[in-house]
$ cat structure01.cif   # mmCIF, C-alpha atoms
data_model
loop_
_atom_site.group_PDB
_atom_site.id
_atom_site.type_symbol
_atom_site.label_atom_id
_atom_site.label_comp_id
_atom_site.auth_asym_id
_atom_site.auth_seq_id
_atom_site.Cartn_x
_atom_site.Cartn_y
_atom_site.Cartn_z
ATOM 1 C CA MET A 1 21.587 -39.304 -16.034
ATOM 2 C CA LYS A 2 22.115 -38.059 -12.485
ATOM 3 C CA ARG A 3 22.845 -34.624 -13.845
ATOM 4 C CA MET A 4 19.691 -34.704 -15.886
ATOM 5 C CA ALA A 5 17.737 -35.734 -12.820
ATOM 6 C CA LEU A 6 19.317 -32.915 -10.811
ATOM 7 C CA ALA A 7 18.618 -30.383 -13.542
ATOM 8 C CA PHE A 8 15.045 -31.596 -13.695
ATOM 9 C CA ALA A 9 14.685 -31.439 -9.905
ATOM 10 C CA LEU A 10 16.006 -27.857 -9.905
ATOM 11 C CA MET A 11 13.612 -26.903 -12.683
ATOM 12 C CA VAL A 12 10.708 -28.259 -10.689
ATOM 13 C CA ALA A 13 11.878 -26.844 -7.360
ATOM 14 C CA ALA A 14 12.727 -23.279 -8.375
ATOM 15 C CA PRO A 15 9.199 -21.815 -8.342
ATOM 16 C CA VAL A 16 8.555 -23.190 -4.859
ATOM 17 C CA LEU A 17 11.142 -20.823 -3.367
ATOM 18 C CA ALA A 18 8.896 -17.809 -3.808
ATOM 19 C CA ASP A 19 5.635 -19.472 -2.884
ATOM 20 C CA SER A 20 3.725 -19.760 0.337
ATOM 21 C CA ASP A 21 2.755 -22.972 2.072
ATOM 22 C CA LEU A 22 -0.964 -22.342 1.793
ATOM 23 C CA PRO A 23 -3.067 -24.234 -0.741
ATOM 24 C CA ALA A 24 -4.723 -22.278 -3.543
ATOM 25 C CA ALA A 25 -7.827 -20.308 -2.633
ATOM 26 C CA ARG A 26 -11.021 -22.291 -3.107
ATOM 27 C CA TRP A 27 -12.223 -20.559 -6.266
ATOM 28 C CA ALA A 28 -8.786 -20.205 -7.838
ATOM 29 C CA ASN A 29 -9.077 -23.479 -9.733
ATOM 30 C CA GLU A 30 -12.668 -24.514 -9.141
ATOM 31 C CA GLN A 31 -15.406 -23.543 -11.558
ATOM 32 C CA LEU A 32 -18.529 -21.766 -10.411
ATOM 33 C CA PRO A 33 -21.610 -24.023 -10.301
ATOM 34 C CA ASP A 34 -23.553 -21.634 -12.541
ATOM 35 C CA PRO A 35 -22.197 -22.131 -16.100
ATOM 36 C CA ARG A 36 -23.267 -18.654 -17.216
ATOM 37 C CA GLN A 37 -21.398 -16.998 -14.323
ATOM 38 C CA GLU A 38 -18.383 -19.250 -14.901
ATOM 39 C CA ALA A 39 -18.319 -18.228 -18.578
ATOM 40 C CA GLN A 40 -18.410 -14.543 -17.579
ATOM 41 C CA ALA A 41 -15.668 -15.047 -14.989
ATOM 42 C CA LYS A 42 -13.477 -16.999 -17.413
ATOM 43 C CA ALA A 43 -13.849 -14.374 -20.140
ATOM 44 C CA LEU A 44 -12.822 -11.667 -17.674
ATOM 45 C CA MET A 45 -9.881 -13.679 -16.333
ATOM 46 C CA GLU A 46 -8.499 -13.953 -19.841
ATOM 47 C CA GLU A 47 -8.477 -10.170 -20.089
ATOM 48 C CA LEU A 48 -6.829 -9.457 -16.729
ATOM 49 C CA ARG A 49 -3.092 -9.255 -16.470
ATOM 50 C CA CYS A 50 -1.186 -11.184 -13.838
ATOM 51 C CA LEU A 51 0.625 -8.765 -11.508
ATOM 52 C CA VAL A 52 3.711 -10.857 -10.838
ATOM 53 C CA CYS A 53 4.109 -12.622 -14.191
ATOM 54 C CA GLN A 54 3.534 -9.657 -16.436
ATOM 55 C CA GLY A 55 2.578 -10.688 -19.963
ATOM 56 C CA GLN A 56 0.343 -13.539 -18.847
ATOM 57 C CA SER A 57 -3.337 -13.366 -18.109
ATOM 58 C CA ILE A 58 -4.505 -14.532 -14.705
ATOM 59 C CA ALA A 59 -6.312 -17.369 -16.505
ATOM 60 C CA ASP A 60 -2.970 -18.666 -17.833
ATOM 61 C CA SER A 61 -0.742 -18.009 -14.852
ATOM 62 C CA ASP A 62 0.262 -20.421 -12.117
ATOM 63 C CA ALA A 63 1.398 -17.640 -9.784
ATOM 64 C CA GLU A 64 -0.276 -17.639 -6.383
ATOM 65 C CA LEU A 65 -1.365 -14.036 -6.694
ATOM 66 C CA ALA A 66 -2.997 -14.881 -10.042
ATOM 67 C CA GLY A 67 -4.831 -17.733 -8.295
ATOM 68 C CA ASP A 68 -6.037 -15.324 -5.633
ATOM 69 C CA MET A 69 -7.154 -12.912 -8.361
ATOM 70 C CA ARG A 70 -9.112 -15.693 -10.093
ATOM 71 C CA ALA A 71 -10.736 -16.555 -6.766
ATOM 72 C CA MET A 72 -11.642 -12.900 -6.296
ATOM 73 C CA VAL A 73 -13.128 -12.625 -9.800
ATOM 74 C CA ARG A 74 -15.241 -15.775 -9.287
ATOM 75 C CA GLN A 75 -16.407 -14.713 -5.820
ATOM 76 C CA ARG A 76 -17.450 -11.269 -6.998
ATOM 77 C CA ILE A 77 -19.255 -12.591 -10.056
ATOM 78 C CA ALA A 78 -20.978 -15.261 -7.947
ATOM 79 C CA ALA A 79 -22.077 -12.456 -5.610
ATOM 80 C CA GLY A 80 -23.814 -10.778 -8.542
ATOM 81 C CA GLU A 81 -21.271 -8.206 -9.719
ATOM 82 C CA ARG A 82 -21.003 -7.569 -13.437
ATOM 83 C CA PRO A 83 -17.623 -8.349 -15.043
ATOM 84 C CA GLU A 84 -17.118 -4.677 -15.889
ATOM 85 C CA GLN A 85 -17.531 -3.738 -12.219
ATOM 86 C CA VAL A 86 -14.800 -6.185 -11.261
ATOM 87 C CA ARG A 87 -12.570 -4.885 -14.030
ATOM 88 C CA SER A 88 -12.998 -1.281 -12.969
ATOM 89 C CA TRP A 89 -12.367 -2.211 -9.316
ATOM 90 C CA LEU A 90 -8.984 -3.563 -10.392
ATOM 91 C CA ILE A 91 -8.283 -0.612 -12.703
ATOM 92 C CA GLU A 92 -8.910 1.736 -9.756
ATOM 93 C CA ARG A 93 -6.056 -0.049 -7.973
ATOM 94 C CA TYR A 94 -3.577 -0.904 -10.693
ATOM 95 C CA GLY A 95 -4.441 1.424 -13.555
ATOM 96 C CA ASN A 96 -5.438 0.455 -17.098
ATOM 97 C CA TRP A 97 -2.335 -1.675 -17.183
ATOM 98 C CA VAL A 98 -4.123 -4.520 -15.397
ATOM 99 C CA SER A 99 -6.676 -4.948 -18.173
ATOM 100 C CA TYR A 100 -5.787 -6.348 -21.585
ATOM 101 C CA ARG A 101 -8.658 -4.426 -23.138
ATOM 102 C CA PRO A 102 -7.464 -0.835 -23.586
ATOM 103 C CA PRO A 103 -10.118 1.847 -23.108
ATOM 104 C CA VAL A 104 -10.920 4.164 -26.016
ATOM 105 C CA GLU A 105 -9.494 7.513 -24.921
ATOM 106 C CA PRO A 106 -7.207 10.103 -26.562
ATOM 107 C CA VAL A 107 -4.005 8.335 -25.415
ATOM 108 C CA THR A 108 -5.084 5.071 -27.043
ATOM 109 C CA TRP A 109 -6.522 6.530 -30.266
ATOM 110 C CA PRO A 110 -3.357 5.601 -32.229
ATOM 111 C CA LEU A 111 -3.710 2.049 -30.945
ATOM 112 C CA TRP A 112 -7.279 1.727 -32.188
ATOM 113 C CA GLY A 113 -6.654 3.795 -35.322
ATOM 114 C CA ALA A 114 -3.450 2.082 -36.477
ATOM 115 C CA PRO A 115 -5.094 -1.094 -37.840
ATOM 116 C CA ILE A 116 -7.581 0.976 -39.838
ATOM 117 C CA LEU A 117 -4.821 3.226 -41.179
ATOM 118 C CA LEU A 118 -2.619 0.237 -42.036
ATOM 119 C CA LEU A 119 -5.480 -1.518 -43.826
ATOM 120 C CA MET A 120 -6.154 1.654 -45.794
ATOM 121 C CA ALA A 121 -2.467 1.993 -46.670
ATOM 122 C CA GLY A 122 -2.392 -1.654 -47.748
ATOM 123 C CA ALA A 123 -5.454 -1.204 -49.934
ATOM 124 C CA TRP A 124 -3.893 1.862 -51.503
ATOM 125 C CA LEU A 125 -0.655 -0.023 -52.307
ATOM 126 C CA LEU A 126 -2.583 -2.965 -53.677
ATOM 127 C CA ARG A 127 -4.732 -0.727 -55.863
ATOM 128 C CA LYS A 128 -1.603 0.796 -57.424
ATOM 129 C CA ARG A 129 -0.286 -2.676 -58.153
ATOM 130 C CA LEU A 130 -3.496 -3.910 -59.683
ATOM 131 C CA VAL A 131 -3.756 -0.829 -61.867
ATOM 132 C CA ARG A 132 -0.169 -1.236 -63.050
ATOM 133 C CA ARG A 133 -0.674 -4.873 -63.912
ATOM 134 C CA ARG A 134 -3.779 -4.197 -65.963
ATOM 135 C CA ARG A 135 -1.880 -1.888 -68.321
ATOM 136 C CA MET B 136 11.116 10.641 -56.417
ATOM 137 C CA ASN B 137 9.813 7.136 -56.986
ATOM 138 C CA ARG B 138 13.314 5.764 -56.849
ATOM 139 C CA TRP B 139 13.680 7.022 -53.307
ATOM 140 C CA LEU B 140 10.232 5.842 -52.346
ATOM 141 C CA ARG B 141 11.227 2.216 -52.759
ATOM 142 C CA PHE B 142 13.693 2.593 -49.891
ATOM 143 C CA LEU B 143 10.809 3.522 -47.664
ATOM 144 C CA PRO B 144 10.071 -0.088 -46.532
ATOM 145 C CA LEU B 145 13.748 -0.515 -45.671
ATOM 146 C CA LEU B 146 13.717 2.713 -43.658
ATOM 147 C CA ILE B 147 10.619 1.542 -41.823
ATOM 148 C CA LEU B 148 12.318 -1.781 -41.084
ATOM 149 C CA VAL B 149 15.449 -0.019 -39.788
ATOM 150 C CA ALA B 150 13.322 2.261 -37.600
ATOM 151 C CA PHE B 151 11.388 -0.725 -36.264
ATOM 152 C CA VAL B 152 14.503 -2.786 -35.504
ATOM 153 C CA GLY B 153 16.086 0.302 -33.929
ATOM 154 C CA ALA B 154 13.069 0.863 -31.672
ATOM 155 C CA VAL B 155 13.000 -2.783 -30.603
ATOM 156 C CA ALA B 156 16.762 -2.855 -29.952
ATOM 157 C CA TRP B 157 16.518 0.324 -27.866
ATOM 158 C CA ARG B 158 13.683 -1.062 -25.738
ATOM 159 C CA LEU B 159 15.445 -4.377 -25.234
ATOM 160 C CA GLY B 160 18.530 -2.550 -24.013
ATOM 161 C CA LYS B 161 16.529 -0.257 -21.753
ATOM 162 C CA PRO B 162 13.523 -2.201 -20.433
ATOM 163 C CA ALA B 163 10.405 -0.329 -19.425
ATOM 164 C CA GLU B 164 9.511 0.292 -15.785
ATOM 165 C CA GLN B 165 8.294 -3.033 -14.401
ATOM 166 C CA GLU B 166 6.868 -1.752 -11.140
ATOM 167 C CA ILE B 167 3.133 -1.393 -11.080
ATOM 168 C CA ARG B 168 2.465 1.347 -8.576
ATOM 169 C CA SER B 169 -0.770 1.434 -6.655
ATOM 170 C CA GLN B 170 -3.302 3.964 -7.929
ATOM 171 C CA MET B 171 -4.660 4.218 -4.383
ATOM 172 C CA ILE B 172 -2.257 6.943 -3.276
ATOM 173 C CA GLY B 173 -4.428 9.859 -2.126
ATOM 174 C CA GLN B 174 -7.420 7.534 -1.691
ATOM 175 C CA PRO B 175 -8.899 6.343 1.603
ATOM 176 C CA VAL B 176 -7.853 2.881 2.740
ATOM 177 C CA PRO B 177 -10.481 0.406 1.497
ATOM 178 C CA ALA B 178 -12.580 -1.081 4.299
ATOM 179 C CA PHE B 179 -11.280 -4.398 5.594
ATOM 180 C CA ALA B 180 -11.053 -6.392 8.809
ATOM 181 C CA LEU B 181 -8.403 -9.079 9.091
ATOM 182 C CA ALA B 182 -8.194 -11.749 11.769
ATOM 183 C CA PRO B 183 -4.996 -11.894 13.847
ATOM 184 C CA ALA B 184 -2.098 -13.552 12.026
ATOM 185 C CA VAL B 185 -0.445 -14.724 15.265
ATOM 186 C CA SER B 186 -1.876 -15.524 18.653
ATOM 187 C CA GLY B 187 -1.396 -12.838 21.268
ATOM 188 C CA LYS B 188 -1.439 -9.975 18.814
ATOM 189 C CA ALA B 189 -4.413 -8.070 17.420
ATOM 190 C CA GLY B 190 -5.560 -8.406 13.832
ATOM 191 C CA LEU B 191 -5.773 -5.389 11.566
ATOM 192 C CA SER B 192 -8.834 -3.529 10.396
ATOM 193 C CA SER B 193 -9.152 -0.357 8.352
ATOM 194 C CA THR B 194 -10.873 1.456 11.226
ATOM 195 C CA GLU B 195 -7.579 1.286 13.166
ATOM 196 C CA LEU B 196 -5.959 3.302 10.396
ATOM 197 C CA ALA B 197 -7.921 6.536 10.798
ATOM 198 C CA LYS B 198 -7.350 7.460 14.407
ATOM 199 C CA GLY B 199 -5.626 10.786 14.011
ATOM 200 C CA GLN B 200 -2.056 9.530 13.803
ATOM 201 C CA PRO B 201 -0.342 8.185 10.684
ATOM 202 C CA ARG B 202 0.490 4.502 10.498
ATOM 203 C CA MET B 203 2.654 2.394 8.266
ATOM 204 C CA ILE B 204 1.309 -0.875 6.856
ATOM 205 C CA ASN B 205 3.943 -3.430 5.939
ATOM 206 C CA VAL B 206 2.721 -6.104 3.521
ATOM 207 C CA PHE B 207 4.947 -9.104 4.153
ATOM 208 C CA ALA B 208 5.074 -12.891 4.358
ATOM 209 C CA SER B 209 7.175 -15.403 6.230
ATOM 210 C CA TRP B 210 7.936 -17.174 2.934
ATOM 211 C CA CYS B 211 9.276 -13.997 1.341
ATOM 212 C CA VAL B 212 13.077 -13.812 1.303
ATOM 213 C CA PRO B 213 13.463 -10.019 0.746
ATOM 214 C CA CYS B 214 11.198 -9.535 3.798
ATOM 215 C CA ILE B 215 14.017 -10.941 5.938
ATOM 216 C CA ALA B 216 16.385 -8.361 4.469
ATOM 217 C CA GLU B 217 14.139 -5.415 5.325
ATOM 218 C CA ALA B 218 13.256 -6.615 8.855
ATOM 219 C CA PRO B 219 16.109 -4.786 10.650
ATOM 220 C CA LEU B 220 15.179 -1.565 8.849
ATOM 221 C CA LEU B 221 11.567 -1.869 9.997
ATOM 222 C CA SER B 222 12.886 -2.173 13.551
ATOM 223 C CA GLU B 223 15.012 0.921 12.970
ATOM 224 C CA LEU B 224 11.982 2.839 11.657
ATOM 225 C CA LYS B 225 10.047 1.771 14.743
ATOM 226 C CA ARG B 226 12.835 3.095 16.989
ATOM 227 C CA LYS B 227 12.581 6.390 15.111
ATOM 228 C CA GLY B 228 8.894 6.647 15.967
ATOM 229 C CA VAL B 229 7.134 5.081 13.004
ATOM 230 C CA ALA B 230 4.066 3.094 14.112
ATOM 231 C CA ILE B 231 3.950 -0.063 12.006
ATOM 232 C CA ASP B 232 1.145 -2.556 11.434
ATOM 233 C CA ALA B 233 1.385 -5.506 9.111
ATOM 234 C CA VAL B 234 -0.554 -7.645 6.685
ATOM 235 C CA ALA B 235 0.755 -11.215 6.483
ATOM 236 C CA VAL B 236 -0.039 -12.541 3.014
ATOM 237 C CA ARG B 237 -0.897 -16.241 2.555
ATOM 238 C CA ASP B 238 0.682 -17.241 5.835
ATOM 239 C CA LYS B 239 0.283 -19.646 8.747
ATOM 240 C CA PRO B 240 0.341 -18.482 12.395
ATOM 241 C CA GLU B 241 3.249 -20.759 13.324
ATOM 242 C CA ASP B 242 5.297 -19.570 10.334
ATOM 243 C CA VAL B 243 4.636 -15.912 11.156
ATOM 244 C CA SER B 244 5.617 -16.500 14.815
ATOM 245 C CA ALA B 245 8.852 -18.196 13.761
ATOM 246 C CA PHE B 246 9.600 -15.379 11.314
ATOM 247 C CA LEU B 247 9.061 -12.717 13.992
ATOM 248 C CA ALA B 248 11.116 -14.637 16.553
ATOM 249 C CA ARG B 249 14.011 -14.832 14.120
ATOM 250 C CA ASN B 250 13.828 -11.407 12.472
ATOM 251 C CA GLY B 251 12.351 -9.145 15.134
ATOM 252 C CA ASP B 252 8.813 -7.921 15.612
ATOM 253 C CA PRO B 253 8.269 -4.198 15.043
ATOM 254 C CA PHE B 254 4.517 -4.632 14.461
ATOM 255 C CA GLU B 255 1.669 -3.501 16.704
ATOM 256 C CA ARG B 256 -1.013 -5.413 14.840
ATOM 257 C CA ILE B 257 -0.762 -8.147 12.235
ATOM 258 C CA GLY B 258 -3.701 -9.132 10.071
ATOM 259 C CA ALA B 259 -3.809 -12.452 8.232
ATOM 260 C CA ASP B 260 -4.613 -12.162 4.527
ATOM 261 C CA PRO B 261 -4.849 -15.800 3.387
ATOM 262 C CA GLU B 262 -6.293 -15.039 -0.068
ATOM 263 C CA SER B 263 -4.377 -11.804 -0.762
ATOM 264 C CA LYS B 264 -7.667 -9.878 -0.638
ATOM 265 C CA VAL B 265 -6.364 -6.892 1.287
ATOM 266 C CA GLN B 266 -3.187 -6.905 -0.759
ATOM 267 C CA LEU B 267 -5.294 -6.579 -3.910
ATOM 268 C CA ALA B 268 -7.557 -3.974 -2.297
ATOM 269 C CA LEU B 269 -4.498 -1.830 -1.520
ATOM 270 C CA GLY B 270 -3.209 -2.092 -5.075
ATOM 271 C CA SER B 271 -0.105 -3.926 -3.936
ATOM 272 C CA SER B 272 1.468 -6.303 -6.420
ATOM 273 C CA GLY B 273 3.978 -8.194 -4.316
ATOM 274 C CA VAL B 274 5.747 -8.679 -1.020
ATOM 275 C CA PRO B 275 7.274 -6.798 0.620
ATOM 276 C CA GLU B 276 5.569 -3.463 0.212
ATOM 277 C CA SER B 277 4.900 -0.679 2.688
ATOM 278 C CA PHE B 278 2.205 1.975 2.740
ATOM 279 C CA ILE B 279 1.993 5.113 4.848
ATOM 280 C CA VAL B 280 -1.564 6.030 5.841
ATOM 281 C CA ASP B 281 -2.277 9.431 7.390
ATOM 282 C CA GLY B 282 -4.428 10.077 10.478
ATOM 283 C CA ARG B 283 -7.578 10.448 8.371
ATOM 284 C CA GLY B 284 -7.073 7.026 6.812
ATOM 285 C CA VAL B 285 -5.827 8.276 3.444
ATOM 286 C CA ILE B 286 -2.986 6.347 1.764
ATOM 287 C CA ARG B 287 -0.096 8.779 1.303
ATOM 288 C CA TYR B 288 2.871 6.753 0.165
ATOM 289 C CA GLN B 289 3.783 3.363 -1.230
ATOM 290 C CA HIS B 290 7.199 1.773 -1.056
ATOM 291 C CA MET B 291 7.637 -1.221 -3.350
ATOM 292 C CA GLY B 292 10.106 -3.996 -2.652
ATOM 293 C CA PRO B 293 12.326 -4.375 0.409
ATOM 294 C CA ILE B 294 13.241 -1.201 2.294
ATOM 295 C CA GLU B 295 16.969 -0.553 1.826
ATOM 296 C CA PRO B 296 19.087 1.611 4.157
ATOM 297 C CA GLU B 297 19.028 4.471 1.620
ATOM 298 C CA ASP B 298 15.199 4.428 1.590
ATOM 299 C CA VAL B 299 14.945 5.236 5.303
ATOM 300 C CA PRO B 300 15.277 9.057 4.966
ATOM 301 C CA THR B 301 12.565 9.150 2.268
ATOM 302 C CA ILE B 302 10.237 7.044 4.378
ATOM 303 C CA LEU B 303 10.829 9.231 7.451
ATOM 304 C CA GLN B 304 10.158 12.301 5.337
ATOM 305 C CA GLU B 305 6.892 10.819 4.019
ATOM 306 C CA TRP B 306 6.018 9.855 7.606
ATOM 307 C CA GLU B 307 6.484 13.446 8.777
ATOM 308 C CA ALA B 308 4.478 14.700 5.796
ATOM 309 C CA ALA B 309 1.599 12.383 6.704
ATOM 310 C CA LYS B 310 1.321 13.861 10.206
#
$ encode --input "structure01.cif" --output "structure tokens"
Amino acid sequence: MKRMALAFALMVAAPVLADSDLPAARWANEQLPDPRQEAQAKALMEELRCLVCQGQSIADSDAELAGDMRAMVRQRIAAGERPEQVRSWLIERYGNWVSYRPPVEPVTWPLWGAPILLLMAGAWLLRKRLVRRRR
Amino acid sequence: MNRWLRFLPLLILVAFVGAVAWRLGKPAEQEIRSQMIGQPVPAFALAPAVSGKAGLSSTELAKGQPRMINVFASWCVPCIAEAPLLSELKRKGVAIDAVAVRDKPEDVSAFLARNGDPFERIGADPESKVQLALGSSGVPESFIVDGRGVIRYQHMGPIEPEDVPTILQEWEAAK
């Protein structure tokens, strides 16, 4: 039991080691009063990658830097910026990596083309099957 | 020909598993470098992080001489490790300013008292705004800015003794 409690305490305590003492920024976890702006901000946050917990969006992450990024997104959108302006501001700093929505450019053509090609290949295989079965 | 074709799915599977196994054994580069190298420092003005020392604004970074900006925090353990090397760089003529991320004045003072204070100015960045504007993704990081205010070099993570020659070289190049 004591061991369990210790293990649990360690699990809870570990993330604190790399965190600051400051509370989260005001708009990190507080919704914007305007529901339309909040919806825009939320949609963008789900498509921005957390810098320290790679693989999570800033909407999902508990990291402090992700909180600060959410606050920044909300503040900029509240100030009248369009979501795409905020996204490109971040891309200017961190590259396309920071956005979960890949741009359509020659490097990413395979990415966008692969589903279409795979669907076509699947249809072709299926057609062969159906034809064979009908005989 | 058809007989061989039915091994195709297996071959694809083997290729897929092979690719995944290779990537797992040799993980991709995890560092996200700033795209701001070669760009002017974004405009900012930070309040002082400790009493008795000036804050940091971007206008201070375009005065004809290069400067190094160290992005650090008192709660960051690797920052303690690089502190003596920052002092060494200062002795070798590198002018260093700092951005203290998400920090309290008393914590920064205690950190500097314990680990040395090579900084001329320290700006407080309580919401990581300047860190994000610089394209920095963690603490510690260091940037070298030339005399015209253009970012020339980014060092990610703590400065290790073997990084000092590179940093001095980049410092000379920024002059």
$ closest_atom_pairs --input "structure01.cif" --of "chain B" --to "chain A" --cutoff "9 Å" --atoms "all atoms listed in the file" --output "tab-separated table"
residue	atom	partner	partner_atom	distance
B:Gln165	CA	A:Gln54	CA	8.4
B:Ile167	CA	A:Tyr94	CA	6.7
B:Arg168	CA	A:Tyr94	CA	6.8
B:Ser169	CA	A:Tyr94	CA	5.4
B:Gln170	CA	A:Arg93	CA	4.9
B:Met171	CA	A:Arg93	CA	5.7
B:Ala208	CA	A:Ser20	CA	8.1
B:Ser209	CA	A:Ser20	CA	8.1
B:Trp210	CA	A:Ser20	CA	5.6
B:Cys211	CA	A:Ala18	CA	6.4
B:Val212	CA	A:Ala18	CA	7.7
B:Val236	CA	A:Ser20	CA	8.6
B:Arg237	CA	A:Leu22	CA	6.1
B:Asp238	CA	A:Leu22	CA	6.7
B:Lys239	CA	A:Leu22	CA	7.6
B:Pro261	CA	A:Leu22	CA	7.8
B:Glu262	CA	A:Asp68	CA	5.6
B:Ser263	CA	A:Asp68	CA	6.2
B:Lys264	CA	A:Met72	CA	7.5
B:Leu267	CA	A:Arg93	CA	7.7
B:Ala268	CA	A:Arg93	CA	7.1
B:Leu269	CA	A:Arg93	CA	6.9
B:Gly270	CA	A:Arg93	CA	4.5
B:Ser271	CA	A:Arg93	CA	8.2
B:Ser272	CA	A:Leu51	CA	5.7
B:Gly273	CA	A:Val52	CA	7.0
$ resolve_selection --input "structure01.cif" --expression "the PyMOL selection byres ((chain B and resi 255) around 7)" --output "PyMOL selection string"
chain B and resi 231-232+253-254+256-257
$ residues_near_point --input "structure01.cif" --point "(2.7, 5.9, -1.4)" --cutoff "10 Å" --atoms "all atoms listed in the file" --output "list in words"
Arg168, Ser169, Gln170, Met171, Ile172, Gly173, Glu276, Ser277, Phe278, Ile279, Val280, Ile286, Arg287, Tyr288, Gln289, His290, Met291, Ile302 and Glu305 of chain B
$ atom_distance --input "structure01.cif" --atom1 "CA of Asn250 (chain B)" --atom2 "CA of Val299 (chain B)"
18.2 Å
$ resolve_selection --input "structure01.cif" --expression "the PyMOL selection byres ((chain B and resi 240) around 10)" --output "list in words"
Pro183, Ala184, Val185, Ser186, Ser209, Ala235, Asp238, Lys239, Glu241, Asp242, Val243, Ser244, Ala245, Phe246 and Ala259 of chain B
$ write_last_selection --input "structure01.cif" --atoms "C-alpha atoms" --output "compact mmCIF listing (two decimals), in the coordinates of the input"
# COMPACT_ATOMS: atom_id res chain seq x y z
CA PRO B 183 -5.00 -11.89 13.85
CA ALA B 184 -2.10 -13.55 12.03
CA VAL B 185 -0.44 -14.72 15.26
CA SER B 186 -1.88 -15.52 18.65
CA SER B 209 7.18 -15.40 6.23
CA ALA B 235 0.76 -11.22 6.48
CA ASP B 238 0.68 -17.24 5.84
CA LYS B 239 0.28 -19.65 8.75
CA GLU B 241 3.25 -20.76 13.32
CA ASP B 242 5.30 -19.57 10.33
CA VAL B 243 4.64 -15.91 11.16
CA SER B 244 5.62 -16.50 14.82
CA ALA B 245 8.85 -18.20 13.76
CA PHE B 246 9.60 -15.38 11.31
CA ALA B 259 -3.81 -12.45 8.23
$ atom_distance --input "structure01.cif" --atom1 "CA of Leu247 (chain B)" --atom2 "CA of Trp306 (chain B)"
23.7 Å
$ atom_distance --input "structure01.cif" --atom1 "CA of Gly284 (chain B)" --atom2 "CA of Ala197 (chain B)"
4.1 Å
$ closest_residue --input "structure01.cif" --among "B:Leu146, B:Val234, B:Val229, B:Leu224" --to "Ala182 (chain B)" --atoms "all atoms listed in the file"
B:Val234
$ resolve_selection --input "structure01.cif" --expression "the PyMOL selection byres ((chain B and resi 194) around 9)" --output "CSV table (one decimal) with C-alpha atoms, keeping the file's coordinate frame"
chain,number,residue,atom,x,y,z
B,178,ALA,CA,-12.6,-1.1,4.3
B,179,PHE,CA,-11.3,-4.4,5.6
B,180,ALA,CA,-11.1,-6.4,8.8
B,191,LEU,CA,-5.8,-5.4,11.6
B,192,SER,CA,-8.8,-3.5,10.4
B,193,SER,CA,-9.2,-0.4,8.4
B,195,GLU,CA,-7.6,1.3,13.2
B,196,LEU,CA,-6.0,3.3,10.4
B,197,ALA,CA,-7.9,6.5,10.8
B,198,LYS,CA,-7.4,7.5,14.4
B,284,GLY,CA,-7.1,7.0,6.8
$ closest_residue --input "structure01.cif" --among "B:Gly190, B:Leu159, B:Gly153, B:Glu217" --to "Glu297 (chain B)" --atoms "all atoms listed in the file"
B:Glu217
$ axis_aligned_box --input "structure01.cif" --around "region 205-218 of chain B" --padding-each-side "5 Å" --output "JSON"
{"center_x": 9.6, "center_y": -10.3, "center_z": 4.8, "size_x": 23.7, "size_y": 23.7, "size_z": 18.1}
$ residues_near_point --input "structure01.cif" --point "(-13.9, -13.8, -16.4)" --cutoff "12 Å" --atoms "all atoms listed in the file" --output "PyMOL selection string"
chain A and resi 28+31-32+35-49+57-59+69-78+81-87+99
$ decode --input "structure01.cif" --residues "region 82-91 of chain A" --atoms "N, CA and C atoms" --output "PDB file, in the first residue's frame"
ATOM      1  N   ARG A  82      -7.088  36.755 -38.271  1.00  0.00           N
ATOM      2  CA  ARG A  82      -7.723  35.546 -38.789  1.00  0.00           C
ATOM      3  C   ARG A  82      -6.879  34.335 -38.382  1.00  0.00           C
ATOM      4  N   PRO A  83      -7.521  33.168 -38.194  1.00  0.00           N
ATOM      5  CA  PRO A  83      -6.756  31.986 -37.787  1.00  0.00           C
ATOM      6  C   PRO A  83      -5.579  31.696 -38.714  1.00  0.00           C
ATOM      7  N   GLU A  84      -5.758  31.923 -40.023  1.00  0.00           N
ATOM      8  CA  GLU A  84      -4.668  31.608 -40.941  1.00  0.00           C
ATOM      9  C   GLU A  84      -3.476  32.542 -40.755  1.00  0.00           C
ATOM     10  N   GLN A  85      -3.742  33.764 -40.275  1.00  0.00           N
ATOM     11  CA  GLN A  85      -2.624  34.684 -39.998  1.00  0.00           C
ATOM     12  C   GLN A  85      -1.811  34.164 -38.814  1.00  0.00           C
ATOM     13  N   VAL A  86      -2.519  33.679 -37.804  1.00  0.00           N
ATOM     14  CA  VAL A  86      -1.833  33.152 -36.623  1.00  0.00           C
ATOM     15  C   VAL A  86      -1.022  31.919 -37.009  1.00  0.00           C
ATOM     16  N   ARG A  87      -1.644  31.061 -37.829  1.00  0.00           N
ATOM     17  CA  ARG A  87      -0.943  29.853 -38.252  1.00  0.00           C
ATOM     18  C   ARG A  87       0.316  30.213 -39.025  1.00  0.00           C
ATOM     19  N   SER A  88       0.216  31.181 -39.937  1.00  0.00           N
ATOM     20  CA  SER A  88       1.413  31.472 -40.729  1.00  0.00           C
ATOM     21  C   SER A  88       2.471  32.191 -39.892  1.00  0.00           C
ATOM     22  N   TRP A  89       2.044  32.929 -38.864  1.00  0.00           N
ATOM     23  CA  TRP A  89       3.025  33.538 -37.946  1.00  0.00           C
ATOM     24  C   TRP A  89       3.855  32.438 -37.284  1.00  0.00           C
ATOM     25  N   LEU A  90       3.187  31.369 -36.875  1.00  0.00           N
ATOM     26  CA  LEU A  90       3.911  30.269 -36.226  1.00  0.00           C
ATOM     27  C   LEU A  90       4.756  29.492 -37.235  1.00  0.00           C
ATOM     28  N   ILE A  91       4.238  29.322 -38.460  1.00  0.00           N
ATOM     29  CA  ILE A  91       4.999  28.590 -39.471  1.00  0.00           C
ATOM     30  C   ILE A  91       6.275  29.353 -39.824  1.00  0.00           C
TER      31      ILE A  91
END
